[in-house]
Amino acid sequence: MIIADVVVTDVRIVAEGTRTLTFVSPEIALSTLPGQFVNIRVHAGSDPLLRRPFSVSRVDGNHVEILFNIVGAGTDILAKKKPGDMINVLGPLGVPYGIKGEFKNALLVAGGLGVAPMAILTEHLKALGKHVDTFLGARSALHLIVDHLENIHVATDDGSKGFHGNAVRLIQEYLKEHPIKEVKIFACGPTRMLKALSAFAISAGLECEISLEGEMACGIGICQGCPVERVGGQKKYALVCTEGPAFHCQDIILQDS
Amino acid sequence: MIIADVVVTDVRIVAEGTRTLTFVSPEIALSTLPGQFVNIRVHAGSDPLLRRPFSVSRVDGNHVEILFNIVGAGTDILAKKKPGDMINVLGPLGVPYGIKGEFKNALLVAGGLGVAPMAILTEHLKALGKHVDTFLGARSALHLIVDHLENIHVATDDGSKGFHGNAVRLIQEYLKEHPIKEVKIFACGPTRMLKALSAFAISAGLECEISLEGEMACGIGICQGCPVERVGGQKKYALVCTEGPAFHCQDIILQDS
Amino acid sequence: MKNGFSIRGVDFQNRVFVASGTFGYGDEVKHLVDLNKLGGIFTKSLSWKPRDGNPPRRIVETASGMLNSIGLANIGVHTFIEKRLPFLRTLKTRIIANIAASSIREYGDVLSLLDEQEGVDGYEINVSCPNVKEGGLSFGTDCAMTAKITAELRSKTSRPLIIKLTPNVTHIAEFAKAVKGEGADAVSVINTVIGMAIDVKSRKPKLSTVTGGLSGPAIKPIALAKVFEVAQSVDIPIFGIGGITRMEDAVEFLMAGAVAVQVGTANFVDPATGTTIAEALESYGRQQKLNDIGELVGSLIVDKKSSVLQSWM
Amino acid sequence: MKNGFSIRGVDFQNRVFVASGTFGYGDEVKHLVDLNKLGGIFTKSLSWKPRDGNPPRRIVETASGMLNSIGLANIGVHTFIEKRLPFLRTLKTRIIANIAASSIREYGDVLSLLDEQEGVDGYEINVSCPNVKEGGLSFGTDCAMTAKITAELRSKTSRPLIIKLTPNVTHIAEFAKAVKGEGADAVSVINTVIGMAIDVKSRKPKLSTVTGGLSGPAIKPIALAKVFEVAQSVDIPIFGIGGITRMEDAVEFLMAGAVAVQVGTANFVDPATGTTIAEALESYGRQQKLNDIGELVGSLIVDKKSSVLQSWM
Ligand SMILES: Cc1cc2nc3c(=O)[nH]c(=O)nc-3n(C[C@H](O)[C@H](O)[C@H](O)COP(=O)(O)OP(=O)(O)OC[C@H]3O[C@@H](n4cnc5c(N)ncnc54)[C@H](O)[C@@H]3O)c2cc1C
Ligand SMILES: Cc1cc2nc3c(=O)[nH]c(=O)nc-3n(C[C@H](O)[C@H](O)[C@H](O)COP(=O)(O)OP(=O)(O)OC[C@H]3O[C@@H](n4cnc5c(N)ncnc54)[C@H](O)[C@@H]3O)c2cc1C
Ligand SMILES: Cc1cc2nc3c(=O)[nH]c(=O)nc-3n(C[C@H](O)[C@H](O)[C@H](O)COP(=O)(O)O)c2cc1C
Ligand SMILES: Cc1cc2nc3c(=O)[nH]c(=O)nc-3n(C[C@H](O)[C@H](O)[C@H](O)COP(=O)(O)O)c2cc1C
Ligand code: FES
Ligand code: FES
């Protein structure tokens with residue numbers, strides 16, 4: 001984990017409303033594992049005040065890439081960065097997805113920008129010899145991001161491409177038709193999707209890790225600001241930033257939001 | 001007086017640390033008189049919160065130019081504007097210099113960025129057939145801004161160009177050697193300079209208008225935030241934004257700052 | 001859809017007002033703003049005699065806010081009546097005269113004089129003023145004194161009487177309760193928060209009066225909590241004030257329990273903020289399919305569990 | 001140049017500390033920050049038993065600030081002693097244990113247990129906690145109660161006892177006076193300011209507890225005014241806290257009368273803020289040719305006239 005000013009090398013639009021931002025950091029590039037995130041200070045000013053967390057979406061040499069939509073002041077400032085601008089980055093942070101298990105078939109499920117960690121995850125899974133299938137849900141064909149992914153199955157809300165519906169329904173349909181074994185699901189996306197997927201995975205007895213989002217003040221465990229309710233155990237809450245963002249779906253209770 | 005989003009057409013460095021910013025506004029270009037200012041909202045965010053006041057330095061067709069140094073968050077944001085960016089401008093504001101008097105010889109005295117209103121002032125004075133001499137004080141030769149000015153006499157703090165000293169001393173020396181009549185002085189610059197110049201002008205019996213700076217919240221007379229002490233009269237204070245920024249030097253009492 | 005509301009029989013055409021001291025006497029900005037689109041204008045505080053106000057420096061920008069120490073510079077109630085009221089009378093919006101004073105008697109005198117004038121639709125009482133009799137301690141931090149001013153003024157007018165509360169107290173709801181008890185028709189929540197800034201170079205306070213009043217977006221969370229506190233414990237109409245710059249801010253205040261809002265500091269950035277919000281609020285109401293913007297007032301959904309959660313900090 | 005100072009015989013190597021609840025127990029950031037460069041670490045509030053804290057959502061960003069409603073989630077004093085104190089003991093900086101409790105008795109129990117441990121250099125008492133006996137009303141807004149806690153704890157320890165005051169009261173100086181009277185060695189000024197934010201879409205409060213504590217640059221002017229108020233009327237060492245992000249902010253607090261400062265929210269943006277400020281403050285002192293950074297404390301030059309200026313708002 002480092003904290004450093006880094007140089008932005010590229011900001012580009014990759015799908016309707018979605019951008020990638022690439023920066024140079026040998027340390028972060030070298031040490032990031034799939035599912036980990038970086039906490040970015042978008043400017044030196046005091047409003048917006050806090051850092052913004054983003055999953056590392058891909059690593060290429062010394063270059064680290066994140067994927068984002070403009071949803072507020074912080075991402076708006078990020079979108080305006082130009083090659084050569086500096087940003088301050090803290091990372092890599094958080095507990096990565098568990099990719100070293102016994103399973104053979106990795107099923108990646110991403111809703112919307114939940115696709116962010118899937119490229120780096122795919123790369124690491126393949127390096128371990130896992131077979132990867134990817135189930136992408138997007139609002140429409142224009143919102144799809146498919147770069148560096150494997151065996152892509154698409155669902156769109158408006159039916160403009162692939163399955164007309166969401167990614168959870170898509171993977172359910174898929175597994176009905178392809179009863180594969182030694183499976184592990186890796187998911188990221190809106191809470192509602194993760195809830196539905198968790199319910200399915202638990203009922204189907206499938207191993208499933210989900211990556212959570214949640215407001216964070218620090219990203220490093222010093223503010224206690226990012227609790228998620230745990231199942232059983234002594235402690236009622238886990239911290240998303242240091243005990244997640246990747247959790248086994250049966251270990252936590254997702255709130256309605 | 002209008003309030004409008006306008007397009008920036010140019011930002012450039014014109015001297016050590018000093019930039020001009022040019023924007024397009026037919027209304028402001030048409031109606032601005034010398035000594036008036038515009039109040040600029042440098043971004044849409046809430047920090048920095050308030051507008052920033054700048055003298056109009058020149059008008060060229062529909063184009064309006066201001067001159068500034070980076071001294072804080074607001075000017076830092078302005079300096080980063082690119083052609084095509086929008087800013088929100090309120091203006092023109094304030095009471096202009098009185099240029100229509102009987103005098104024949106206009107003596108312009110500017111210290112540092114006090115040179116800002118001198119180009120537009122020169123243009124208007126010349127249109128009225130006045131003879132213009134300009135006394136510029138700057139930190140060094142590198143800090144001098146001389147564009148669109150007439151009959152320039154230079155003083156620098158470090159003696160790197162012209163008279164070694166300040167603009168007030170320079171004009172005093174000049175008037176000793178050139179006892180011209182029907183004179184009016186127009187000045188802008190740091191408070192300390194304006195104080196010294198006012199003392200000189202009053203003792204020498206010369207008509208003299210000075211343009212003041214002072215923190216402003218609104219620039220349009222609704223906050224009462226910008227008082228300057230008046231000499232005599234019923235009201236103790238005048239508002240710099242609506243009763244100035246140009247004042248006859250004998251009408252106000254400058255505070256030490 | 002219904003936009004307006006009324007207090008003590010006086011109708012207001014919508015729920016977005018401009019706050020005292022942040023809009024002059026209205027005429028300063030008449031070329032920039034369609035004043036008739038406002039719910040009403042709260043005038044700069046008026047005292048019996050004109051007041052010069054405090055020496056410079058009066059204004060300091062702070063993080064997402066500003067400090068002011070204007071010292072209630074104002075033209076005095078007589079000049080107001082003679083020079084400013086005639087213009088204000090021509091407007092199709094409500095005029096609430098804000099009154100400041102250094103004694104209970106002065107409050108009464110200013111109000112009584114205004115009460116003889118047409119075109120003044122009500123009063124807002126600025127109690128964040130030093131009580132000369134008590135060595136300059138603020139009336140507004142003394143609950144009994146605030147109640148006493150209210151009682152005194154209530155006896156002098158049948159027009160709407162709004163008491164503007166200061167946030168610089170431990171339990172603002174007690175003050176609201178007290179002034180309601182004395183017949184106030186509404187409260188304005190909040191005036192500025194005491195603050196201070198230092199110029200490190202000169203080692204001097206930035207404001208000539210050392211401390212001043214903090215306003216702007218920085219205080220919005222504080223103001224909202226104060227409005228909520230009052231709304232939860234006292235049944236009195238509340239004008240919500242503090243850091244409002246956008247329509248969504250206004251909606252937050254309404255949901256927390258304000259019947260209307262006042263826009264303050266944002267006027268310095270754009271004097272049309274109030275009218276912009278008024279229009280946006282109307283569109284929002286239509287889009288939400290409301291019959292009355294008033295349906296938003298106090299509409300905050302508070303989970304029962306939250307009230308038993310311990311508010312450790 | 002002298003950097004340090006002492007309270008009740010305990011030396012602190014410099015005047016820049018990290019605030020309770022904003023730095024964990026120190027070890028979370030040991031790879032990012034040279035902890036030995038701090039004047040000291042105020043731990044997260046410790047209660048007798050571990051506390052889960054409040055349900056999400058606990059954090060809301062606001063204009064130049066943030067609201068929190070952590071609910072004092074902490075590992076409890078026993079686990080602290082067992083698991084965290086050993087690491088903290090190895091540091092060359094001072095450790096002040098911050099204590100939170102829901103009864104006077106709990107405060108005493110936690111303090112007494114800590115008082116048996118080596119490596120705890122003093123106590124900061126968080127009185128912004130709900131008093132269970134009084135139906136959850138905060139201890140810290142009740143002056144007599146705050147004094148009582150102080151007296152009780154004073155009798156139990158000879159280590160430095162620092163009372164952390166809440167800004168959510170009318171006259172904070174009265175609280176400082178009261179705790180000084182009961183033997184407190186210092187006060188910390190300020191804890192967070194009560195605030196609130198609403199999610200307009202869902203019509204719900206953003207925080208699970210409805211209201212929370214506002215911190216960050218937005219509150220700096222408020223904190224500075226509170227420090228100044230205490231410094232003007234009570235002769236007691238003050239730890240200045242609130243919105244400090246830069247060396248200049250720290251200097252403002254010292255000039256206003258704080259003997260030292262605590263960096264809070266800024267740690268979330270950069271946990272090295274405290275050490276950066278400590279270093280910058282030392283350079284500043286040298287550049288100003290001070291013999292002792294302490295020369296800055298209370299060095300504000302206040303024009304005599306300002307004190308008679310009326311603070312109308
Ligand atoms: C572990 C983690 C990984 C993430 N990865 C990505 C990613 O790869 N791509 C991406 O686009 N977004 C990601 N997010 C969400 C992203 O952090 C927010 O979209 C972003 O902070 C919004 O900032 P803003 O200023 O534009 O929006 P605003 O709404 O103005 O932000 C206001 C505040 O709310 C917080 N916030 C707003 N939305 C979210 C959210 N969805 N999750 C957490 N905090 C939020 C912000 O951090 C900020 O503190 C991730 C969040 C977490 C916690
Ligand atoms: C009538 C008038 C005309 C001006 N004309 C020019 C000009 O032509 N060129 C130019 O460079 N500057 C001019 N100034 C000063 C200019 O407004 C400030 O330099 C600018 O506001 C600084 O903003 P900042 O955010 O960069 O600095 P910061 O120091 O961060 O600003 C903080 C606050 O202080 C105020 N402030 C800071 N310095 C000054 C100052 N010198 N005068 C008034 N307010 C100040 C800002 O407006 C802001 O509210 C003028 C000021 C006035 C009142
Ligand atoms: C410069 C300035 C002057 C003010 N003058 C007055 C006043 O004369 N009377 C009054 O009751 N409130 C006055 N206020 C307080 C505002 O009406 C309002 O209550 C406060 O600023 C909070 O709202 P805001 O954050 O929207 O500004 C003034 C505020 C400012 C910033
Ligand atoms: C997330 C968070 C948690 C906090 N937890 C505690 C705490 O446990 N005990 C305490 O006394 N103060 C706590 N505080 C208050 C801070 O110590 C500090 O007094 C306050 O945040 C103001 O300083 P700042 O503006 O620099 O953050 C907490 C503040 C924040 C933001
Ligand atoms: S974000 Fe601060 S503890 Fe997780
Ligand atoms: S700046 Fe507001 S009155 Fe002059």
# chains A, B, ... in the order shown; residues from 1 in each chain; ligands from 1

call {"tool": "residues_near_ligand", "arguments": {"ligand": "ligand 3", "cutoff": "6 Å", "atoms": "only C-alpha atoms and all ligand atoms", "output": "list in words"}}
result
Cys223 of chain B; Ala19, Ser20, Gly21, Thr22, Lys44, Ser45, Asn68, Leu72, Asn126, Ile190, Asn191, Thr192, Ser215, Gly216, Ile241, Gly242, Gly243, Ile244, Val263, Gly264 and Thr265 of chain C; Met313 of chain D

call {"tool": "write_last_selection", "arguments": {"atoms": "N, CA and C atoms", "output": "PDB file, in the first residue's frame"}}
result
ATOM      1  N   CYS B 223     -24.614  43.172   0.029  1.00  0.00           N
ATOM      2  CA  CYS B 223     -24.084  42.515   1.236  1.00  0.00           C
ATOM      3  C   CYS B 223     -23.504  43.484   2.254  1.00  0.00           C
TER       4      CYS B 223
ATOM      5  N   ALA C  19     -33.276  35.883   2.078  1.00  0.00           N
ATOM      6  CA  ALA C  19     -33.004  36.098   3.498  1.00  0.00           C
ATOM      7  C   ALA C  19     -32.519  37.515   3.768  1.00  0.00           C
ATOM      8  N   SER C  20     -32.815  37.948   4.958  1.00  0.00           N
ATOM      9  CA  SER C  20     -32.432  39.295   5.385  1.00  0.00           C
ATOM     10  C   SER C  20     -30.932  39.515   5.284  1.00  0.00           C
ATOM     11  N   GLY C  21     -30.567  40.675   4.756  1.00  0.00           N
ATOM     12  CA  GLY C  21     -29.159  41.053   4.708  1.00  0.00           C
ATOM     13  C   GLY C  21     -28.415  40.480   3.526  1.00  0.00           C
ATOM     14  N   THR C  22     -29.121  39.719   2.693  1.00  0.00           N
ATOM     15  CA  THR C  22     -28.443  39.098   1.555  1.00  0.00           C
ATOM     16  C   THR C  22     -29.077  39.511   0.231  1.00  0.00           C
ATOM     17  N   LYS C  44     -33.180  43.732   4.595  1.00  0.00           N
ATOM     18  CA  LYS C  44     -32.041  43.921   5.499  1.00  0.00           C
ATOM     19  C   LYS C  44     -32.620  44.352   6.846  1.00  0.00           C
ATOM     20  N   SER C  45     -31.988  43.936   7.942  1.00  0.00           N
ATOM     21  CA  SER C  45     -32.446  44.340   9.273  1.00  0.00           C
ATOM     22  C   SER C  45     -32.560  45.854   9.362  1.00  0.00           C
ATOM     23  N   ASN C  68     -19.249  36.898   8.053  1.00  0.00           N
ATOM     24  CA  ASN C  68     -19.512  38.322   7.905  1.00  0.00           C
ATOM     25  C   ASN C  68     -19.630  38.985   9.255  1.00  0.00           C
ATOM     26  N   LEU C  72     -24.866  45.084  10.997  1.00  0.00           N
ATOM     27  CA  LEU C  72     -26.219  45.551  10.691  1.00  0.00           C
ATOM     28  C   LEU C  72     -26.270  46.949  10.105  1.00  0.00           C
ATOM     29  N   ASN C 126     -34.896  39.911  14.275  1.00  0.00           N
ATOM     30  CA  ASN C 126     -33.517  39.445  14.424  1.00  0.00           C
ATOM     31  C   ASN C 126     -33.113  39.636  15.881  1.00  0.00           C
ATOM     32  N   ILE C 190     -31.940  29.070  10.313  1.00  0.00           N
ATOM     33  CA  ILE C 190     -31.150  29.683  11.360  1.00  0.00           C
ATOM     34  C   ILE C 190     -30.537  31.005  10.900  1.00  0.00           C
ATOM     35  N   ASN C 191     -30.133  31.809  11.871  1.00  0.00           N
ATOM     36  CA  ASN C 191     -29.225  32.912  11.609  1.00  0.00           C
ATOM     37  C   ASN C 191     -27.805  32.321  11.506  1.00  0.00           C
ATOM     38  N   THR C 192     -26.811  33.161  11.366  1.00  0.00           N
ATOM     39  CA  THR C 192     -25.448  32.647  11.151  1.00  0.00           C
ATOM     40  C   THR C 192     -24.852  32.004  12.414  1.00  0.00           C
ATOM     41  N   SER C 215     -21.887  31.546   7.236  1.00  0.00           N
ATOM     42  CA  SER C 215     -23.049  31.226   6.402  1.00  0.00           C
ATOM     43  C   SER C 215     -22.586  30.475   5.168  1.00  0.00           C
ATOM     44  N   GLY C 216     -23.546  30.051   4.363  1.00  0.00           N
ATOM     45  CA  GLY C 216     -23.211  29.359   3.118  1.00  0.00           C
ATOM     46  C   GLY C 216     -23.294  27.842   3.233  1.00  0.00           C
ATOM     47  N   ILE C 241     -33.442  28.102   6.770  1.00  0.00           N
ATOM     48  CA  ILE C 241     -32.377  28.941   6.198  1.00  0.00           C
ATOM     49  C   ILE C 241     -31.026  28.345   6.518  1.00  0.00           C
ATOM     50  N   GLY C 242     -30.115  28.399   5.546  1.00  0.00           N
ATOM     51  CA  GLY C 242     -28.752  28.001   5.808  1.00  0.00           C
ATOM     52  C   GLY C 242     -28.135  27.222   4.668  1.00  0.00           C
ATOM     53  N   GLY C 243     -27.345  27.900   3.863  1.00  0.00           N
ATOM     54  CA  GLY C 243     -26.577  27.205   2.842  1.00  0.00           C
ATOM     55  C   GLY C 243     -27.372  26.703   1.663  1.00  0.00           C
ATOM     56  N   ILE C 244     -28.550  27.232   1.458  1.00  0.00           N
ATOM     57  CA  ILE C 244     -29.362  26.764   0.328  1.00  0.00           C
ATOM     58  C   ILE C 244     -28.850  27.389  -0.970  1.00  0.00           C
ATOM     59  N   VAL C 263     -33.253  31.948   0.939  1.00  0.00           N
ATOM     60  CA  VAL C 263     -31.939  31.849   0.311  1.00  0.00           C
ATOM     61  C   VAL C 263     -31.110  33.048   0.759  1.00  0.00           C
ATOM     62  N   GLY C 264     -29.924  32.772   1.301  1.00  0.00           N
ATOM     63  CA  GLY C 264     -29.086  33.861   1.810  1.00  0.00           C
ATOM     64  C   GLY C 264     -27.852  34.080   0.970  1.00  0.00           C
ATOM     65  N   THR C 265     -26.730  33.593   1.488  1.00  0.00           N
ATOM     66  CA  THR C 265     -25.422  33.794   0.871  1.00  0.00           C
ATOM     67  C   THR C 265     -25.401  33.506  -0.636  1.00  0.00           C
TER      68      THR C 265
ATOM     69  N   MET D 313     -25.248  40.694  14.168  1.00  0.00           N
ATOM     70  CA  MET D 313     -25.096  39.755  13.057  1.00  0.00           C
ATOM     71  C   MET D 313     -26.188  39.968  12.012  1.00  0.00           C
TER      72      MET D 313
END

call {"tool": "interface_residues", "arguments": {"of": "chain B", "to": "chain A", "cutoff": "10 Å", "atoms": "only C-alpha atoms", "output": "list of chain:residue names"}}
result
B:Gly45, B:Ser46, B:Asp47, B:Pro48, B:Ala73

call {"tool": "interface_residues", "arguments": {"of": "chain D", "to": "chain B", "cutoff": "12 Å", "atoms": "only C-alpha atoms", "output": "PyMOL selection string"}}
result
chain D and resi 62-65+217-218

call {"tool": "residues_near_ligand", "arguments": {"ligand": "ligand 5", "cutoff": "7 Å", "atoms": "only C-alpha atoms and all ligand atoms", "output": "list in words"}}
result
Met216, Ala217, Cys218, Gly219, Ile220, Gly221, Ile222, Cys223, Gln224, Gly225, Cys226, Leu239, Val240, Cys241 and Thr242 of chain A

call {"tool": "interface_residues", "arguments": {"of": "chain C", "to": "chain D", "cutoff": "6 Å", "atoms": "only C-alpha atoms", "output": "PyMOL selection string"}}
result
chain C and resi 63-64+71+129+168-170+195-198+203-204+209+217-218+221-222+224-225+252+300-301+306+312-313

call {"tool": "atom_distance", "arguments": {"atom1": "atom CA of C:Gly240", "atom2": "atom CA of C:Leu114"}}
result
24.6 Å

call {"tool": "residues_near_ligand", "arguments": {"ligand": "ligand 2", "cutoff": "9 Å", "atoms": "only C-alpha atoms and all ligand atoms", "output": "PyMOL selection string"}}
result
(chain B and resi 18-19+35-40+42+48-57+66-78+93-94+113-117+190+211-217+219+226+240-241+244-246) or (chain C and resi 59-62+66)

call {"tool": "select_by_dssp", "arguments": {"residues": "stretch 15-212 of chain B", "states": "helix (DSSP H, G or I)", "output": "ChimeraX atom specification"}}
result
/B:26-31,73-79,112-115,118-127,141-143,167-177,191-204

call {"tool": "residues_around", "arguments": {"residues": "C:His78", "least_positions_apart": "2", "cutoff": "12 Å", "atoms": "only C-alpha atoms", "output": "list in words"}}
result
Leu46, Ser47, Trp48, Lys49, Pro50, Asn74, Ile75, Gly76, Phe80, Ile81, Glu82, Lys83, Arg84, Leu85, Asp109, Val110, Leu111, Ser112, Leu113, Leu114 and Gln117 of chain C

call {"tool": "atom_distance", "arguments": {"atom1": "atom CA of B:Leu125", "atom2": "atom CA of B:Asp251"}}
result
22.8 Å

call {"tool": "select_by_dssp", "arguments": {"residues": "stretch 15-174 of chain D", "states": "strand (DSSP E)", "output": "ChimeraX atom specification"}}
result
/D:16-18,40-42,59-62,65-68,94-99,122-126,130-131,137-138,161-165

call {"tool": "write_last_selection", "arguments": {"atoms": "N, CA, C and O atoms", "output": "short mmCIF file (atom, residue, chain, number, x, y, z; two decimals), in the first residue's frame"}}
result
data_model
loop_
_atom_site.label_atom_id
_atom_site.label_comp_id
_atom_site.auth_asym_id
_atom_site.auth_seq_id
_atom_site.Cartn_x
_atom_site.Cartn_y
_atom_site.Cartn_z
N VAL D 16 1.56 18.81 17.49
CA VAL D 16 0.60 18.31 16.49
C VAL D 16 0.23 16.87 16.79
O VAL D 16 1.08 15.98 16.75
N PHE D 17 -1.04 16.65 17.05
CA PHE D 17 -1.56 15.35 17.45
C PHE D 17 -2.58 14.86 16.42
O PHE D 17 -3.01 15.62 15.56
N VAL D 18 -2.95 13.60 16.53
CA VAL D 18 -4.07 13.12 15.71
C VAL D 18 -5.27 12.90 16.62
O VAL D 18 -5.13 12.43 17.75
N GLY D 40 1.53 13.26 19.57
CA GLY D 40 0.88 12.18 20.28
C GLY D 40 -0.32 11.67 19.51
O GLY D 40 -0.74 12.27 18.53
N ILE D 41 -0.82 10.52 19.95
CA ILE D 41 -1.97 9.89 19.30
C ILE D 41 -3.12 9.82 20.31
O ILE D 41 -2.96 9.27 21.40
N PHE D 42 -4.25 10.40 19.94
CA PHE D 42 -5.46 10.20 20.72
C PHE D 42 -6.18 9.00 20.13
O PHE D 42 -6.53 9.00 18.94
N ILE D 59 -21.52 7.58 7.06
CA ILE D 59 -20.68 8.65 6.52
C ILE D 59 -21.44 9.39 5.42
O ILE D 59 -21.99 8.76 4.53
N VAL D 60 -21.43 10.70 5.48
CA VAL D 60 -22.00 11.50 4.38
C VAL D 60 -21.05 12.66 4.12
O VAL D 60 -20.69 13.39 5.05
N GLU D 61 -20.68 12.81 2.88
CA GLU D 61 -19.86 13.96 2.56
C GLU D 61 -20.76 15.19 2.43
O GLU D 61 -21.86 15.10 1.89
N THR D 62 -20.31 16.34 2.93
CA THR D 62 -21.06 17.59 2.80
C THR D 62 -20.10 18.65 2.24
O THR D 62 -18.93 18.35 2.02
N GLY D 65 -16.90 19.26 4.07
CA GLY D 65 -16.95 18.59 5.37
C GLY D 65 -17.57 17.22 5.24
O GLY D 65 -17.78 16.71 4.14
N MET D 66 -17.80 16.60 6.37
CA MET D 66 -18.48 15.30 6.36
C MET D 66 -19.27 15.13 7.65
O MET D 66 -18.94 15.70 8.69
N LEU D 67 -20.32 14.35 7.55
CA LEU D 67 -21.09 13.95 8.72
C LEU D 67 -20.72 12.53 9.05
O LEU D 67 -20.54 11.70 8.14
N ASN D 68 -20.61 12.22 10.35
CA ASN D 68 -20.43 10.82 10.70
C ASN D 68 -21.35 10.43 11.82
O ASN D 68 -21.77 11.26 12.64
N ARG D 94 3.52 10.09 22.42
CA ARG D 94 2.61 9.90 23.55
C ARG D 94 1.28 9.31 23.13
O ARG D 94 0.77 9.62 22.05
N ILE D 95 0.72 8.49 23.99
CA ILE D 95 -0.56 7.86 23.72
C ILE D 95 -1.58 8.36 24.73
O ILE D 95 -1.42 8.17 25.95
N ILE D 96 -2.59 9.02 24.23
CA ILE D 96 -3.67 9.47 25.10
C ILE D 96 -4.87 8.60 24.79
O ILE D 96 -5.33 8.52 23.64
N ALA D 97 -5.38 7.92 25.80
CA ALA D 97 -6.55 7.07 25.60
C ALA D 97 -7.80 7.92 25.70
O ALA D 97 -8.02 8.61 26.70
N ASN D 98 -8.62 7.88 24.64
CA ASN D 98 -9.89 8.59 24.69
C ASN D 98 -10.94 7.63 25.23
O ASN D 98 -11.02 6.48 24.82
N ILE D 99 -11.74 8.11 26.17
CA ILE D 99 -12.71 7.24 26.84
C ILE D 99 -14.14 7.73 26.59
O ILE D 99 -14.43 8.91 26.73
N GLY D 122 -2.06 9.50 29.24
CA GLY D 122 -3.09 10.42 29.73
C GLY D 122 -4.42 10.03 29.15
O GLY D 122 -4.53 9.05 28.39
N TYR D 123 -5.45 10.79 29.53
CA TYR D 123 -6.82 10.46 29.11
C TYR D 123 -7.50 11.67 28.51
O TYR D 123 -7.35 12.80 28.99
N GLU D 124 -8.24 11.40 27.46
CA GLU D 124 -9.13 12.42 26.94
C GLU D 124 -10.54 11.86 27.11
O GLU D 124 -10.82 10.72 26.69
N ILE D 125 -11.41 12.65 27.69
CA ILE D 125 -12.74 12.15 28.00
C ILE D 125 -13.75 12.69 27.00
O ILE D 125 -13.95 13.90 26.89
N ASN D 126 -14.34 11.78 26.25
CA ASN D 126 -15.38 12.13 25.28
C ASN D 126 -16.70 12.19 26.03
O ASN D 126 -17.28 11.16 26.36
N PRO D 130 -24.36 9.62 25.07
CA PRO D 130 -25.67 9.66 25.71
C PRO D 130 -25.60 9.08 27.13
O PRO D 130 -25.06 8.00 27.34
N ASN D 131 -26.15 9.81 28.05
CA ASN D 131 -26.22 9.39 29.44
C ASN D 131 -27.45 8.51 29.60
O ASN D 131 -28.59 8.99 29.57
N LEU D 137 -29.81 11.74 26.99
CA LEU D 137 -29.31 13.10 26.78
C LEU D 137 -27.80 13.10 26.93
O LEU D 137 -27.24 12.43 27.79
N SER D 138 -27.14 13.90 26.10
CA SER D 138 -25.69 13.90 26.11
C SER D 138 -25.15 14.49 27.41
O SER D 138 -25.59 15.54 27.88
N LEU D 161 -5.46 14.62 32.59
CA LEU D 161 -6.88 14.40 32.33
C LEU D 161 -7.39 15.55 31.46
O LEU D 161 -7.37 16.71 31.87
N ILE D 162 -7.80 15.18 30.25
CA ILE D 162 -8.23 16.18 29.27
C ILE D 162 -9.70 15.96 28.97
O ILE D 162 -10.11 14.85 28.62
N ILE D 163 -10.50 16.98 29.11
CA ILE D 163 -11.93 16.83 28.82
C ILE D 163 -12.21 17.39 27.42
O ILE D 163 -11.84 18.52 27.11
N LYS D 164 -12.85 16.57 26.60
CA LYS D 164 -13.13 16.99 25.23
C LYS D 164 -14.53 17.59 25.17
O LYS D 164 -15.53 16.90 25.36
N LEU D 165 -14.57 18.89 24.89
CA LEU D 165 -15.84 19.61 24.96
C LEU D 165 -16.61 19.57 23.65
O LEU D 165 -16.03 19.54 22.56
#

call {"tool": "residues_around", "arguments": {"residues": "D:Ala272", "least_positions_apart": "4", "cutoff": "8 Å", "atoms": "only C-alpha atoms", "output": "list of chain:residue names"}}
result
D:Leu32, D:Val33, D:Asp34, D:Asn267, D:Thr276

call {"tool": "closest_residue", "arguments": {"among": "A:Ala127, A:Val59, A:Ala79, A:Ala238", "to": "ligand 1", "atoms": "only C-alpha atoms and all ligand atoms"}}
result
A:Ala79
